[in-house]
file input05.txt (compact mmCIF, C-alpha atoms)
# COMPACT_ATOMS: atom_id res chain seq x y z
CA MET A 1 41.81 -2.40 66.45
CA GLU A 2 42.51 -4.14 63.16
CA ILE A 3 40.53 -2.88 60.21
CA PRO A 4 39.10 -5.77 58.17
CA THR A 5 40.08 -5.82 54.53
CA LYS A 6 37.86 -6.77 51.64
CA LYS A 7 38.08 -10.28 50.34
CA PRO A 8 39.57 -10.53 46.84
CA SER A 9 36.32 -12.00 45.55
CA SER A 10 34.14 -9.15 46.85
CA ASN A 11 34.62 -7.02 43.73
CA LEU A 12 33.83 -9.99 41.48
CA GLN A 13 30.69 -10.73 43.47
CA GLN A 14 29.69 -7.08 43.20
CA ARG A 15 30.16 -7.16 39.43
CA ILE A 16 28.12 -10.35 39.12
CA TRP A 17 25.22 -9.05 41.22
CA ALA A 18 25.22 -5.68 39.48
CA GLY A 19 25.38 -7.36 36.06
CA ALA A 20 22.55 -9.77 36.91
CA ALA A 21 20.36 -6.97 38.27
CA GLY A 22 21.07 -4.79 35.25
CA ALA A 23 20.31 -7.62 32.80
CA ALA A 24 17.01 -8.39 34.57
CA LEU A 25 16.04 -4.72 34.50
CA PHE A 26 16.82 -4.45 30.81
CA VAL A 27 15.08 -7.61 29.69
CA GLY A 28 12.03 -6.73 31.77
CA GLY A 29 11.93 -3.11 30.63
CA ILE A 30 12.26 -4.00 26.96
CA TYR A 31 9.83 -6.94 27.05
CA PHE A 32 7.04 -5.60 29.29
CA SER A 33 5.72 -2.77 27.12
CA GLU A 34 6.66 0.11 24.84
CA TRP A 35 6.25 2.48 27.80
CA THR A 36 8.71 0.67 30.05
CA PHE A 37 11.10 0.59 27.08
CA PHE A 38 10.56 4.34 26.66
CA LEU A 39 11.23 5.09 30.35
CA LEU A 40 14.27 2.81 30.49
CA PHE A 41 16.10 4.48 27.64
CA LEU A 42 14.88 7.95 28.63
CA ALA A 43 16.68 7.42 31.93
CA LEU A 44 19.80 6.27 30.06
CA THR A 45 19.64 9.33 27.80
CA VAL A 46 19.51 11.72 30.76
CA LEU A 47 22.16 9.88 32.78
CA GLY A 48 24.42 9.51 29.74
CA LEU A 49 24.24 13.22 28.92
CA LEU A 50 24.94 14.21 32.53
CA GLU A 51 27.86 11.78 32.64
CA PHE A 52 29.31 13.10 29.36
CA TYR A 53 29.11 16.74 30.46
CA ARG A 54 30.56 15.89 33.87
CA LEU A 55 33.54 14.18 32.21
CA LEU A 56 34.20 17.30 30.14
CA SER A 57 34.18 19.46 33.26
CA VAL A 58 37.16 17.43 34.58
CA LYS A 59 39.28 19.17 31.94
CA GLY A 60 37.76 22.57 32.60
CA PHE A 61 35.31 22.62 29.67
CA GLN A 62 31.96 24.28 30.29
CA PRO A 63 29.24 22.85 28.04
CA ASN A 64 25.69 24.10 28.56
CA ARG A 65 24.20 21.15 30.47
CA ALA A 66 20.70 22.60 30.65
CA MET A 67 20.48 23.18 26.88
CA GLY A 68 22.06 19.80 26.18
CA LEU A 69 19.50 18.04 28.36
CA LEU A 70 16.64 20.03 26.83
CA LEU A 71 17.72 19.13 23.30
CA GLY A 72 18.51 15.50 24.11
CA VAL A 73 15.33 14.75 26.01
CA GLY A 74 13.24 16.71 23.50
CA LEU A 75 14.69 14.71 20.60
CA TYR A 76 14.14 11.42 22.41
CA VAL A 77 10.50 12.15 23.32
CA LEU A 78 9.75 13.58 19.88
CA CYS A 79 11.04 10.47 18.07
CA PHE A 80 9.00 8.22 20.36
CA LEU A 81 5.75 10.14 19.80
CA ILE A 82 6.30 10.23 16.04
CA LYS A 83 6.87 6.47 15.85
CA GLN A 84 3.73 6.00 17.96
CA ASP A 85 1.82 8.07 15.39
CA GLN A 86 0.88 10.59 18.07
CA LEU A 87 2.75 13.38 16.27
CA SER A 88 3.54 14.15 12.66
CA SER A 89 7.13 13.91 11.51
CA ASP A 90 6.80 17.61 10.60
CA TRP A 91 7.59 18.32 14.25
CA LEU A 92 11.21 17.40 13.49
CA PHE A 93 11.51 20.79 11.77
CA LEU A 94 11.63 22.26 15.27
CA LEU A 95 15.06 20.75 15.87
CA PRO A 96 17.26 23.12 13.78
CA PRO A 97 15.94 26.35 15.37
CA VAL A 98 16.06 24.84 18.86
CA MET A 99 19.64 23.69 18.26
CA LEU A 100 20.57 27.21 17.15
CA LEU A 101 19.27 28.49 20.50
CA VAL A 102 22.42 26.93 21.99
CA LEU A 103 24.38 29.70 20.26
CA VAL A 104 22.02 32.36 21.60
CA ALA A 105 22.15 30.93 25.13
CA GLU A 106 25.94 31.13 25.10
CA LEU A 107 25.70 34.91 24.70
CA TYR A 108 24.27 35.15 28.21
CA ARG A 109 26.54 32.62 29.93
CA LYS A 110 29.65 34.81 29.68
CA LYS A 111 31.99 31.80 29.71
CA GLU A 112 35.44 31.49 28.22
CA GLN A 113 35.76 29.72 24.84
CA PRO A 114 32.05 30.06 23.95
CA PHE A 115 32.24 28.21 20.65
CA THR A 116 34.07 25.31 22.26
CA ASN A 117 31.23 25.14 24.79
CA ILE A 118 28.65 25.24 21.99
CA ALA A 119 30.42 22.46 20.07
CA LEU A 120 30.69 20.22 23.14
CA THR A 121 27.07 20.81 24.11
CA LEU A 122 25.88 19.70 20.66
CA THR A 123 28.38 16.81 20.60
CA GLY A 124 26.68 15.36 23.67
CA VAL A 125 23.31 15.45 21.89
CA LEU A 126 24.75 13.90 18.73
CA TYR A 127 26.83 11.26 20.51
CA ILE A 128 24.34 10.12 23.17
CA ALA A 129 20.79 11.41 22.71
CA ALA A 130 20.56 10.89 18.94
CA PRO A 131 21.43 7.14 18.96
CA PHE A 132 19.10 6.45 21.91
CA SER A 133 16.37 8.37 20.07
CA MET A 134 16.93 6.30 16.93
CA LEU A 135 16.19 3.16 18.93
CA HIS A 136 12.52 4.02 18.40
CA VAL A 137 12.98 3.52 14.67
CA LEU A 138 14.20 -0.02 15.37
CA ALA A 139 11.57 -0.71 18.01
CA PHE A 140 8.42 0.13 16.06
CA LEU A 141 7.19 -1.87 13.11
CA PRO A 142 4.45 -0.24 10.97
CA ASP A 143 1.72 -1.70 13.18
CA ARG A 144 3.24 -2.40 16.61
CA TYR A 145 6.09 -2.24 19.09
CA SER A 146 8.72 -4.98 18.56
CA TRP A 147 10.56 -5.93 21.73
CA GLN A 148 12.25 -8.71 19.75
CA ILE A 149 14.45 -6.37 17.71
CA ILE A 150 15.64 -4.29 20.68
CA LEU A 151 16.27 -7.31 22.89
CA GLY A 152 17.93 -9.12 19.99
CA VAL A 153 20.34 -6.23 19.42
CA MET A 154 21.25 -6.20 23.12
CA LEU A 155 21.86 -9.97 23.08
CA LEU A 156 24.06 -9.63 20.01
CA ILE A 157 26.14 -6.91 21.65
CA TRP A 158 26.59 -9.02 24.78
CA SER A 159 27.48 -12.11 22.70
CA SER A 160 29.99 -10.14 20.62
CA ASP A 161 31.66 -8.88 23.80
CA THR A 162 31.67 -12.37 25.28
CA GLY A 163 33.10 -13.99 22.15
CA ALA A 164 35.80 -11.33 21.90
CA TYR A 165 36.75 -11.77 25.57
CA ILE A 166 37.00 -15.57 25.38
CA ALA A 167 38.89 -15.64 22.06
CA GLY A 168 41.14 -12.78 23.12
CA LYS A 169 42.08 -14.48 26.38
CA SER A 170 42.65 -17.84 24.68
CA PHE A 171 44.31 -16.89 21.39
CA GLY A 172 44.97 -13.15 21.39
CA LYS A 173 48.41 -12.18 20.07
CA HIS A 174 47.97 -9.43 17.49
CA LYS A 175 46.88 -6.03 18.84
CA LEU A 176 43.81 -4.51 17.21
CA PHE A 177 44.31 -0.86 18.22
CA PRO A 178 47.14 -0.60 20.77
CA ARG A 179 47.23 3.21 20.77
CA ILE A 180 43.68 3.36 22.17
CA SER A 181 42.98 -0.03 23.75
CA PRO A 182 46.05 -2.26 24.29
CA GLY A 183 43.95 -5.19 25.49
CA LYS A 184 41.97 -5.74 22.29
CA THR A 185 43.27 -8.20 19.69
CA TRP A 186 42.35 -9.24 16.17
CA GLU A 187 41.80 -12.78 17.41
CA GLY A 188 39.34 -11.48 19.99
CA TRP A 189 37.50 -9.49 17.34
CA VAL A 190 37.16 -12.59 15.13
CA GLY A 191 35.80 -14.51 18.11
CA GLY A 192 33.24 -11.76 18.67
CA VAL A 193 32.17 -11.85 15.02
CA ILE A 194 31.74 -15.63 15.04
CA LEU A 195 29.69 -15.77 18.25
CA SER A 196 27.59 -12.80 17.15
CA LEU A 197 26.69 -14.50 13.88
CA VAL A 198 25.89 -17.77 15.66
CA VAL A 199 23.58 -15.96 18.07
CA ALA A 200 22.01 -14.06 15.14
CA TYR A 201 21.14 -17.40 13.53
CA VAL A 202 19.61 -18.68 16.78
CA LEU A 203 17.62 -15.45 17.16
CA SER A 204 16.18 -15.90 13.66
CA LEU A 205 14.66 -19.22 14.79
CA TYR A 206 12.69 -17.63 17.63
CA PHE A 207 12.47 -13.88 16.92
CA GLU A 208 10.50 -13.69 13.69
CA ASP A 209 10.18 -9.91 13.38
CA LEU A 210 13.31 -10.03 11.21
CA THR A 211 14.36 -12.59 8.61
CA LEU A 212 17.49 -14.74 8.84
CA ALA A 213 19.30 -12.48 6.37
CA GLN A 214 18.35 -9.41 8.39
CA TRP A 215 19.46 -10.93 11.69
CA LEU A 216 22.79 -11.96 10.15
CA GLY A 217 23.23 -8.43 8.81
CA VAL A 218 22.47 -6.99 12.23
CA GLY A 219 24.91 -9.44 13.83
CA ALA A 220 27.67 -8.45 11.41
CA LEU A 221 27.11 -4.74 11.98
CA VAL A 222 27.09 -5.21 15.76
CA SER A 223 30.37 -7.13 15.70
CA VAL A 224 32.10 -4.40 13.64
CA PHE A 225 30.66 -1.14 14.92
CA GLY A 226 30.26 -2.35 18.49
CA VAL A 227 34.04 -2.66 18.77
CA LEU A 228 34.50 0.74 17.15
CA GLY A 229 32.05 2.22 19.65
CA ASP A 230 34.13 0.80 22.47
CA LEU A 231 37.28 2.27 20.93
CA VAL A 232 35.67 5.69 20.50
CA GLU A 233 34.70 5.78 24.18
CA SER A 234 38.22 4.65 25.13
CA MET A 235 39.58 7.51 23.04
CA LEU A 236 37.30 9.91 24.94
CA LYS A 237 38.49 8.64 28.32
CA ARG A 238 42.15 8.76 27.30
CA SER A 239 41.80 12.33 26.09
CA LEU A 240 40.29 13.28 29.46
CA ASP A 241 42.69 11.13 31.53
CA VAL A 242 39.95 9.12 33.28
CA LYS A 243 39.72 5.37 33.80
CA ASP A 244 35.93 4.97 33.83
CA SER A 245 33.20 7.27 32.57
CA GLY A 246 31.43 7.01 35.93
CA THR A 247 30.68 4.89 38.99
CA LEU A 248 26.91 4.51 38.63
CA ILE A 249 27.00 0.75 38.06
CA PRO A 250 29.00 -1.03 40.81
CA GLY A 251 31.99 -2.81 39.31
CA HIS A 252 30.99 -1.86 35.75
CA GLY A 253 31.71 1.86 35.49
CA GLY A 254 29.28 4.39 34.08
CA ILE A 255 26.58 4.60 31.44
CA LEU A 256 29.05 5.30 28.62
CA ASP A 257 31.22 2.35 29.71
CA ARG A 258 28.27 -0.03 29.43
CA PHE A 259 26.54 1.36 26.34
CA ASP A 260 29.40 2.62 24.19
CA SER A 261 28.85 -0.20 21.67
CA LEU A 262 25.09 0.38 21.43
CA ILE A 263 25.55 4.13 20.94
CA LEU A 264 27.64 3.72 17.78
CA VAL A 265 25.82 0.65 16.45
CA VAL A 266 22.25 2.00 16.43
CA PRO A 267 22.53 4.53 13.55
CA PHE A 268 24.09 1.87 11.30
CA LEU A 269 21.38 -0.65 12.20
CA VAL A 270 18.64 1.88 11.45
CA ALA A 271 20.16 2.67 8.04
CA PHE A 272 20.57 -1.04 7.25
CA LEU A 273 17.07 -2.13 8.27
CA GLU A 274 15.33 0.85 6.69
CA LEU A 275 17.05 0.04 3.40
CA VAL A 276 16.39 -3.72 3.38
CA ARG A 277 12.92 -4.00 4.96
call {"tool": "encode", "arguments": {"input": "input05.txt", "output": "structure tokens"}}
result
Amino acid sequence: MEIPTKKPSSNLQQRIWAGAAGAALFVGGIYFSEWTFFLLFLALTVLGLLEFYRLLSVKGFQPNRAMGLLLGVGLYVLCFLIKQDQLSSDWLFLLPPVMLLVLVAELYRKKEQPFTNIALTLTGVLYIAAPFSMLHVLAFLPDRYSWQIILGVMLLIWSSDTGAYIAGKSFGKHKLFPRISPGKTWEGWVGGVILSLVVAYVLSLYFEDLTLAQWLGVGALVSVFGVLGDLVESMLKRSLDVKDSGTLIPGHGGILDRFDSLILVVPFLVAFLELVR
């Protein structure tokens, strides 16, 4: 009996359907309410941390997943409640002693290379949970939740990626960072910058929670640090000898593959907007 083979277009169709479903979920989750936004990125925080720690285990590292999840989820929830004015910012003073409990917990795990495990546990919190937690600073204006800013940032990241892909395919000749990502070119990066700034201008016409100057600043930061976020995640995967960070999203890889740009961009956006508002 002959075993049927997959059609060449099946993977492309899978990517399209998965991408469309993911985009619908994101737009709906961000737009519907602050609570659906909270749940959406809480899920990404948990899944991202689990994915990061699983990747490390491929090379034999043994981070403390339970403590990493406790710290990451605690930080995320705490930032949300503070921005909702349900808790005082004084609660953030809990973070240093709780983080130091990672050192105490390692005493009882009896694993090899304890301080490497401690460092990698805290790296997961810093790299994944902290940026997702800082999204709450972007999302909440003094008097209300602003879906416009979060959705606008996502649209700028997608437009930067799209512009870089089109320009790179059409004009790309000069490698941007061949040691880490041979496919990226300077021409592609310029294309991403241009499309990101164009989309930022369009957003300023309809999303009035930020001014034109602020949207252009956000667009510029996204086009620079989004690419660097992608390169950082590529560096992580190369150091661990893996192709994708995971297989959660059919045809698109894992959480870190899809949100590497957002993870690095968010802290810079928070600093920028807090300084210029």
call {"tool": "atom_distance", "arguments": {"input": "input05.txt", "atom1": "atom CA of A:Leu50", "atom2": "atom CA of A:Val102"}}
result
16.7 Å
call {"tool": "closest_residue", "arguments": {"input": "input05.txt", "among": "A:Phe37, A:Leu25, A:Val104, A:Tyr165", "to": "A:Phe140", "atoms": "all atoms listed in the file"}}
result
A:Phe37
call {"tool": "residues_around", "arguments": {"input": "input05.txt", "residues": "A:Thr185", "least_positions_apart": "2", "cutoff": "6 Å", "atoms": "all atoms listed in the file", "output": "list in words"}}
result
Gly172, His174, Lys175, Leu176, Glu187 and Gly188 of chain A
call {"tool": "atom_distance", "arguments": {"input": "input05.txt", "atom1": "atom CA of A:Gly217", "atom2": "atom CA of A:Arg258"}}
result
22.8 Å
call {"tool": "closest_residue", "arguments": {"input": "input05.txt", "among": "A:Leu71, A:Leu195, A:Leu42, A:Leu216", "to": "A:Leu101", "atoms": "all atoms listed in the file"}}
result
A:Leu71
call {"tool": "atom_distance", "arguments": {"input": "input05.txt", "atom1": "atom CA of A:Ala130", "atom2": "atom CA of A:Phe93"}}
result
15.2 Å
call {"tool": "closest_atom_pairs", "arguments": {"input": "input05.txt", "of": "stretch 20-39 of chain A", "to": "stretch 141-159 of chain A", "cutoff": "7 Å", "atoms": "only C-alpha atoms", "output": "tab-separated table"}}
result
residue	atom	partner	partner_atom	distance
A:Val27	CA	A:Leu151	CA	6.9
A:Ile30	CA	A:Trp147	CA	5.8
A:Tyr31	CA	A:Trp147	CA	5.5
A:Glu34	CA	A:Tyr145	CA	6.2
call {"tool": "closest_residue", "arguments": {"input": "input05.txt", "among": "A:Phe52, A:Ser133, A:Glu208, A:Tyr76", "to": "A:Leu120", "atoms": "only C-alpha atoms"}}
result
A:Phe52
call {"tool": "residues_around", "arguments": {"input": "input05.txt", "residues": "A:Glu233", "least_positions_apart": "6", "cutoff": "10 Å", "atoms": "all atoms listed in the file", "output": "NGL selection string"}}
result
:A and (180 or 239 or 244-245 or 256-257 or 259-261 or 263-264)
call {"tool": "closest_residue", "arguments": {"input": "input05.txt", "among": "A:Ser181, A:Asn64, A:Ser33, A:Ser170", "to": "A:Leu122", "atoms": "all atoms listed in the file"}}
result
A:Asn64
call {"tool": "closest_residue", "arguments": {"input": "input05.txt", "among": "A:Val46, A:Val265, A:Ala21, A:Val193", "to": "A:Ser223", "atoms": "only C-alpha atoms"}}
result
A:Val193
call {"tool": "residues_near_point", "arguments": {"input": "input05.txt", "point": "(35.4, 12.5, 31.0)", "cutoff": "6 Å", "atoms": "only C-alpha atoms", "output": "number ranges by chain"}}
result
A: 55-56, 237, 240, 245
call {"tool": "closest_residue", "arguments": {"input": "input05.txt", "among": "A:Arg65, A:Lys169, A:Arg54, A:Lys184", "to": "A:Arg109", "atoms": "only C-alpha atoms"}}
result
A:Arg65
